[in-house]
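Colleague: Handing you this structure, nothing more for now.
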Amino acid sequence: MQSILLHIHTATEQAYVALSKGDTLLGERSNNDSKQHAAFLHVAIAELMQSLSMSMSSIDAISISNGPGSYTGLRVGLAAAKGMCFALQKPLIALNTLTVMAAAMQQCLYQKQYTMPSGLLCPMIDARRTELFMAGYNGVLEPLLEPSAIDMRDNDTLERLLSKGDNIFVFGSGARKFADFFHHFNINMIQDASLVLAQVQLALNAYEKSLFADVAYAEPYYLKQVYISGRH
């Protein structure tokens, strides 16, 4: 029997919710206003389930793109996912956002029939100023740089990473800034990778291996310390 999974992504500017059965995407809803992710989320899930004539009790697990990314977005998404998992007694699948992005890049290149024996996949999220949340993977998604908060001025670390691939593929909100900073490398921008399809596949793989997060203790994967200003 094929598993039915609900997928949530609020880590970046574009949020989405999606439902899949096995490796088939049944439907999705998206929102491009990062300030409205909280208002969007529960309404979108209800609309999606209604449009497919399915009830929440029919899902087998919930997957969340759990960071790095927008601090507020991560908290919104994980709180919703944990609440539903508690209420429905369903398992939680927590995926690293950069891994989802890398899988999306891999799928995109595969669809374009691009071979990359020495290529490098670099998903990246703008972390402001000269900082990025980023990772580096080879063509079969083996990590060459674990998900990290990187300052682009740390040229030694990045130069060693970039020297590992003749073709460097970058994707995400930090990609343009990165390409401009390291213009002397052979950097290719990817624009049309689908995070939804990548999350569906990664979540299905995790579900089949019972790789579940602890619903009670799961926290957003911020990657760097959260600073909250205000009086104490």
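Residue numbering restarts at 1 in every chain; chains get A, B, ... in the order shown in the structure tokens, and ligands count up from 1 in that same order.
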As a ChimeraX atom specification, list the residues of stretch 33-157 of chain A assigned to strand (DSSP E) by DSSP on the backbone atoms of this structure.
Modeller: /A:61-65,92-95,120-126,131-137,143-151
Colleague: Tell me which protein, DNA and RNA residues are within 8 Å of stretch 138-154 of chain A, counting only C-alpha atoms, leaving out same-chain ones fewer than 3 positions away, and put them as a count of residues only.
Modeller: 24
Colleague: Tell me which protein, DNA and RNA residues are within 8 Å of A:Met101, counting only C-alpha atoms, leaving out same-chain ones fewer than 3 positions away, and put them as a PyMOL selection string.
Modeller: chain A and resi 97-98+104-105+123+171-172+193+195+198
Colleague: Just the selected residues (N, CA and C atoms), exported as a CSV table (one decimal), in the first residue's frame, please.
Modeller:
```
chain,number,residue,atom,x,y,z
A,97,THR,N,16.7,21.7,4.6
A,97,THR,CA,16.3,22.5,3.5
A,97,THR,C,17.4,22.4,2.4
A,98,LEU,N,18.6,22.5,2.7
A,98,LEU,CA,19.7,22.5,1.7
A,98,LEU,C,19.8,21.2,1.0
A,104,ALA,N,16.6,18.8,-5.6
A,104,ALA,CA,15.9,19.4,-6.7
A,104,ALA,C,16.8,19.8,-7.8
A,105,MET,N,18.0,20.3,-7.5
A,105,MET,CA,19.0,20.6,-8.6
A,105,MET,C,19.3,19.3,-9.3
A,123,PRO,N,23.5,24.3,-3.2
A,123,PRO,CA,22.3,25.0,-2.8
A,123,PRO,C,22.7,26.1,-1.8
A,171,PHE,N,22.0,27.3,-6.7
A,171,PHE,CA,20.5,27.4,-6.7
A,171,PHE,C,20.1,28.0,-5.4
A,172,GLY,N,19.1,28.9,-5.4
A,172,GLY,CA,18.5,29.4,-4.2
A,172,GLY,C,18.7,30.9,-4.1
A,193,ALA,N,14.4,24.5,-10.7
A,193,ALA,CA,14.4,23.3,-9.9
A,193,ALA,C,13.1,23.2,-9.0
A,195,LEU,N,11.4,22.2,-5.7
A,195,LEU,CA,11.6,21.8,-4.3
A,195,LEU,C,10.5,20.8,-3.9
A,198,ALA,N,11.3,17.2,-5.1
A,198,ALA,CA,12.5,16.7,-4.3
A,198,ALA,C,12.1,16.4,-2.9
```
Colleague: Quick check, in Å to one decimal: how far apart do atom CA of A:Arg160 and atom CA of A:Met124 lie?
Modeller: 17.0 Å
Colleague: Taking only C-alpha atoms into account, name the residue in A:Ser20, A:Gln14, A:Ser210, A:Thr72 that is nearest to A:Asp33.
Modeller: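 Once distances to A:Asp33 are computed over only C-alpha atoms, the minimum belongs to A:Gln14.
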Colleague: Out of A:Thr24, A:Asn32, A:Thr99, A:Gln2, which residue has the shortest atom-to-atom distance to A:Leu197 when counting only C-alpha atoms?
Modeller: A:Thr24
Colleague: For A:Cys108, work out the shell of residues within 9 Å, counting only C-alpha atoms and skipping chain neighbours fewer than 6 positions away, then give it as a list of chain:residue names.
Modeller: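 Listed by chain and then number, they are A:Tyr114, A:Ile190, A:Asp192, A:Ala193, A:Ser194.
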Colleague: Would you save the residues of that selection, restricted to C-alpha atoms, as an mmCIF file, in the first residue's frame?
Modeller:
```
data_model
loop_
_atom_site.group_PDB
_atom_site.id
_atom_site.type_symbol
_atom_site.label_atom_id
_atom_site.label_comp_id
_atom_site.auth_asym_id
_atom_site.auth_seq_id
_atom_site.Cartn_x
_atom_site.Cartn_y
_atom_site.Cartn_z
ATOM 1 C CA TYR A 114 23.020 16.760 -18.203
ATOM 2 C CA ILE A 190 19.691 26.955 -11.929
ATOM 3 C CA ASP A 192 13.657 26.016 -12.416
ATOM 4 C CA ALA A 193 14.357 23.253 -9.892
ATOM 5 C CA SER A 194 11.246 21.991 -8.089
#
```
Colleague: Considering only C-alpha atoms, return as a PDB file with N, CA, C and O atoms, in the first residue's frame whatever protein or nucleic-acid residues lie within 12 Å of A:Asp180, sequence-local ones (same chain, fewer than 6 positions apart) excluded.
Modeller:
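Output (selection.pdb):
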```pdb
ATOM      1  N   THR A 130      27.378  39.322   3.716  1.00  0.00           N
ATOM      2  CA  THR A 130      28.185  38.420   2.884  1.00  0.00           C
ATOM      3  C   THR A 130      28.035  36.972   3.331  1.00  0.00           C
ATOM      4  O   THR A 130      28.861  36.124   2.997  1.00  0.00           O
ATOM      5  N   MET A 152      31.218  34.575   2.724  1.00  0.00           N
ATOM      6  CA  MET A 152      31.904  34.481   1.435  1.00  0.00           C
ATOM      7  C   MET A 152      33.305  35.074   1.472  1.00  0.00           C
ATOM      8  O   MET A 152      34.109  34.820   0.580  1.00  0.00           O
ATOM      9  N   VAL A 170      24.601  26.421  -8.929  1.00  0.00           N
ATOM     10  CA  VAL A 170      24.120  27.108  -7.742  1.00  0.00           C
ATOM     11  C   VAL A 170      22.623  27.360  -7.873  1.00  0.00           C
ATOM     12  O   VAL A 170      22.100  27.579  -8.966  1.00  0.00           O
ATOM     13  N   GLY A 174      20.507  32.820  -2.404  1.00  0.00           N
ATOM     14  CA  GLY A 174      21.856  33.369  -2.316  1.00  0.00           C
ATOM     15  C   GLY A 174      22.691  33.144  -3.554  1.00  0.00           C
ATOM     16  O   GLY A 174      23.862  33.551  -3.610  1.00  0.00           O
ATOM     17  N   ASN A 186      33.579  28.716 -12.980  1.00  0.00           N
ATOM     18  CA  ASN A 186      32.568  28.353 -13.974  1.00  0.00           C
ATOM     19  C   ASN A 186      31.259  28.028 -13.249  1.00  0.00           C
ATOM     20  O   ASN A 186      30.957  26.872 -12.949  1.00  0.00           O
ATOM     21  N   ILE A 187      30.491  29.081 -12.968  1.00  0.00           N
ATOM     22  CA  ILE A 187      29.281  28.943 -12.163  1.00  0.00           C
ATOM     23  C   ILE A 187      28.036  29.014 -13.044  1.00  0.00           C
ATOM     24  O   ILE A 187      27.894  29.916 -13.875  1.00  0.00           O
ATOM     25  N   ASN A 188      27.148  28.042 -12.862  1.00  0.00           N
ATOM     26  CA  ASN A 188      25.903  27.954 -13.625  1.00  0.00           C
ATOM     27  C   ASN A 188      24.720  28.143 -12.684  1.00  0.00           C
ATOM     28  O   ASN A 188      24.603  27.455 -11.672  1.00  0.00           O
ATOM     29  N   MET A 189      23.848  29.076 -13.033  1.00  0.00           N
ATOM     30  CA  MET A 189      22.658  29.338 -12.223  1.00  0.00           C
ATOM     31  C   MET A 189      21.528  28.390 -12.642  1.00  0.00           C
ATOM     32  O   MET A 189      21.261  28.220 -13.832  1.00  0.00           O
TER      33      MET A 189
END
```
Colleague: Nearest to A:Ser58: which of A:Ala11, A:Leu95, A:Ala87, A:Leu5 is it, counting only C-alpha atoms?
Modeller: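 Nearest to A:Ser58: A:Leu5.
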Colleague: To one decimal place, how far is atom CA of A:Val76 from atom CA of A:Glu219 in Å?
Modeller: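 We find that atom CA of A:Val76 and atom CA of A:Glu219 lie 11.4 Å from each other.
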Colleague: Which residue gives the smallest distance to A:Ala15 among A:Met54, A:Leu74, A:Val200, A:Ala61, with only C-alpha atoms counted?
Modeller: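 Smallest separation from A:Ala15 among the options: A:Leu74.
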Colleague: Please identify all polymer residues within 7 Å of stretch 201-207 of chain A, counting only C-alpha atoms, omitting same-chain residues fewer than 6 positions from it, and present them as a ChimeraX atom specification.
Modeller: /A:22-23,63,93
Colleague: Take the selection from the previous step and output its residues with N, CA and C atoms, as a PDB file, in the first residue's frame.
Modeller:
```pdb
ATOM      1  N   GLY A  22       2.769   7.641  -2.519  1.00  0.00           N
ATOM      2  CA  GLY A  22       3.969   7.036  -3.078  1.00  0.00           C
ATOM      3  C   GLY A  22       4.881   8.136  -3.579  1.00  0.00           C
ATOM      4  N   ASP A  23       5.365   8.000  -4.805  1.00  0.00           N
ATOM      5  CA  ASP A  23       6.206   9.054  -5.376  1.00  0.00           C
ATOM      6  C   ASP A  23       5.432   9.978  -6.314  1.00  0.00           C
ATOM      7  N   SER A  63       5.976  15.585   6.466  1.00  0.00           N
ATOM      8  CA  SER A  63       7.376  15.984   6.284  1.00  0.00           C
ATOM      9  C   SER A  63       7.481  17.504   6.350  1.00  0.00           C
ATOM     10  N   ILE A  93       8.701  13.718   9.746  1.00  0.00           N
ATOM     11  CA  ILE A  93       9.929  13.580   8.958  1.00  0.00           C
ATOM     12  C   ILE A  93      10.529  14.966   8.802  1.00  0.00           C
TER      13      ILE A  93
END
```
Colleague: From stretch 67-213 of chain A, collect each residue whose DSSP state is helix (DSSP H, G or I) and return the set as an mmCIF file with C-alpha atoms, in the first residue's frame.
Modeller:
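Now in part_11.cif:
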```cif
data_model
loop_
_atom_site.group_PDB
_atom_site.id
_atom_site.type_symbol
_atom_site.label_atom_id
_atom_site.label_comp_id
_atom_site.auth_asym_id
_atom_site.auth_seq_id
_atom_site.Cartn_x
_atom_site.Cartn_y
_atom_site.Cartn_z
ATOM 1 C CA TYR A 71 13.830 31.913 11.447
ATOM 2 C CA THR A 72 10.160 32.897 11.593
ATOM 3 C CA GLY A 73 9.252 30.615 8.698
ATOM 4 C CA LEU A 74 10.967 27.644 10.317
ATOM 5 C CA ARG A 75 9.151 28.159 13.598
ATOM 6 C CA VAL A 76 5.794 28.514 11.840
ATOM 7 C CA GLY A 77 6.252 25.368 9.776
ATOM 8 C CA LEU A 78 7.573 23.127 12.514
ATOM 9 C CA ALA A 79 4.971 24.254 15.062
ATOM 10 C CA ALA A 80 2.198 23.399 12.608
ATOM 11 C CA ALA A 81 3.737 20.049 11.683
ATOM 12 C CA LYS A 82 4.296 19.040 15.315
ATOM 13 C CA GLY A 83 0.784 20.059 16.303
ATOM 14 C CA MET A 84 -0.759 17.960 13.560
ATOM 15 C CA CYS A 85 1.509 14.997 14.299
ATOM 16 C CA PHE A 86 0.498 15.120 17.971
ATOM 17 C CA ALA A 87 -3.207 15.387 17.161
ATOM 18 C CA LEU A 88 -3.198 12.690 14.486
ATOM 19 C CA THR A 97 16.318 22.451 3.481
ATOM 20 C CA LEU A 98 19.695 22.515 1.710
ATOM 21 C CA THR A 99 19.484 18.773 1.061
ATOM 22 C CA VAL A 100 16.019 19.243 -0.438
ATOM 23 C CA MET A 101 17.412 22.019 -2.636
ATOM 24 C CA ALA A 102 20.341 19.862 -3.768
ATOM 25 C CA ALA A 103 17.986 16.996 -4.639
ATOM 26 C CA ALA A 104 15.876 19.448 -6.654
ATOM 27 C CA MET A 105 18.982 20.555 -8.569
ATOM 28 C CA GLN A 106 19.931 16.942 -9.235
ATOM 29 C CA GLN A 107 16.428 16.161 -10.566
ATOM 30 C CA CYS A 108 16.490 19.285 -12.755
ATOM 31 C CA LEU A 109 19.833 18.378 -14.317
ATOM 32 C CA TYR A 110 18.697 14.793 -14.836
ATOM 33 C CA GLN A 111 15.578 15.998 -16.661
ATOM 34 C CA ASN A 155 37.916 32.422 0.633
ATOM 35 C CA ASP A 156 40.093 29.519 1.753
ATOM 36 C CA THR A 157 37.129 27.312 2.630
ATOM 37 C CA LEU A 158 35.162 28.204 -0.481
ATOM 38 C CA GLU A 159 38.099 28.091 -2.883
ATOM 39 C CA ARG A 160 38.887 24.537 -1.729
ATOM 40 C CA LEU A 161 35.270 23.541 -2.239
ATOM 41 C CA LEU A 162 34.923 25.166 -5.644
ATOM 42 C CA ALA A 175 22.891 32.106 -5.744
ATOM 43 C CA ARG A 176 23.140 35.456 -7.540
ATOM 44 C CA LYS A 177 25.157 37.028 -4.755
ATOM 45 C CA PHE A 178 27.467 34.025 -4.735
ATOM 46 C CA ALA A 179 27.917 34.000 -8.520
ATOM 47 C CA ASP A 180 28.811 37.694 -8.522
ATOM 48 C CA PHE A 181 31.330 37.202 -5.706
ATOM 49 C CA LEU A 195 11.591 21.765 -4.316
ATOM 50 C CA VAL A 196 8.189 20.091 -4.028
ATOM 51 C CA LEU A 197 9.134 17.047 -6.086
ATOM 52 C CA ALA A 198 12.468 16.740 -4.319
ATOM 53 C CA GLN A 199 10.811 16.879 -0.892
ATOM 54 C CA VAL A 200 8.305 14.233 -1.960
ATOM 55 C CA GLN A 201 11.085 11.835 -2.920
ATOM 56 C CA LEU A 202 13.305 12.477 0.100
ATOM 57 C CA ALA A 203 10.358 12.192 2.490
ATOM 58 C CA LEU A 204 9.245 8.934 0.879
ATOM 59 C CA ASN A 205 12.749 7.506 1.247
ATOM 60 C CA ALA A 206 12.817 8.547 4.914
ATOM 61 C CA TYR A 207 9.348 7.114 5.542
ATOM 62 C CA GLU A 208 10.264 3.747 4.046
#
```
Colleague: So what do you get for atom CA of A:Ser34 versus atom CA of A:Tyr221, distance-wise?
Modeller: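 Calculated distance between atom CA of A:Ser34 and atom CA of A:Tyr221 is 18.2 Å.
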Colleague: Of the candidates A:Ile62, A:Leu41, A:Ala216, A:Met56, which shows the shortest atom-to-atom distance to A:Tyr16, using only C-alpha atoms?
Modeller: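 Comparing A:Ile62, A:Leu41, A:Ala216, A:Met56 against A:Tyr16, the winner is A:Leu41.
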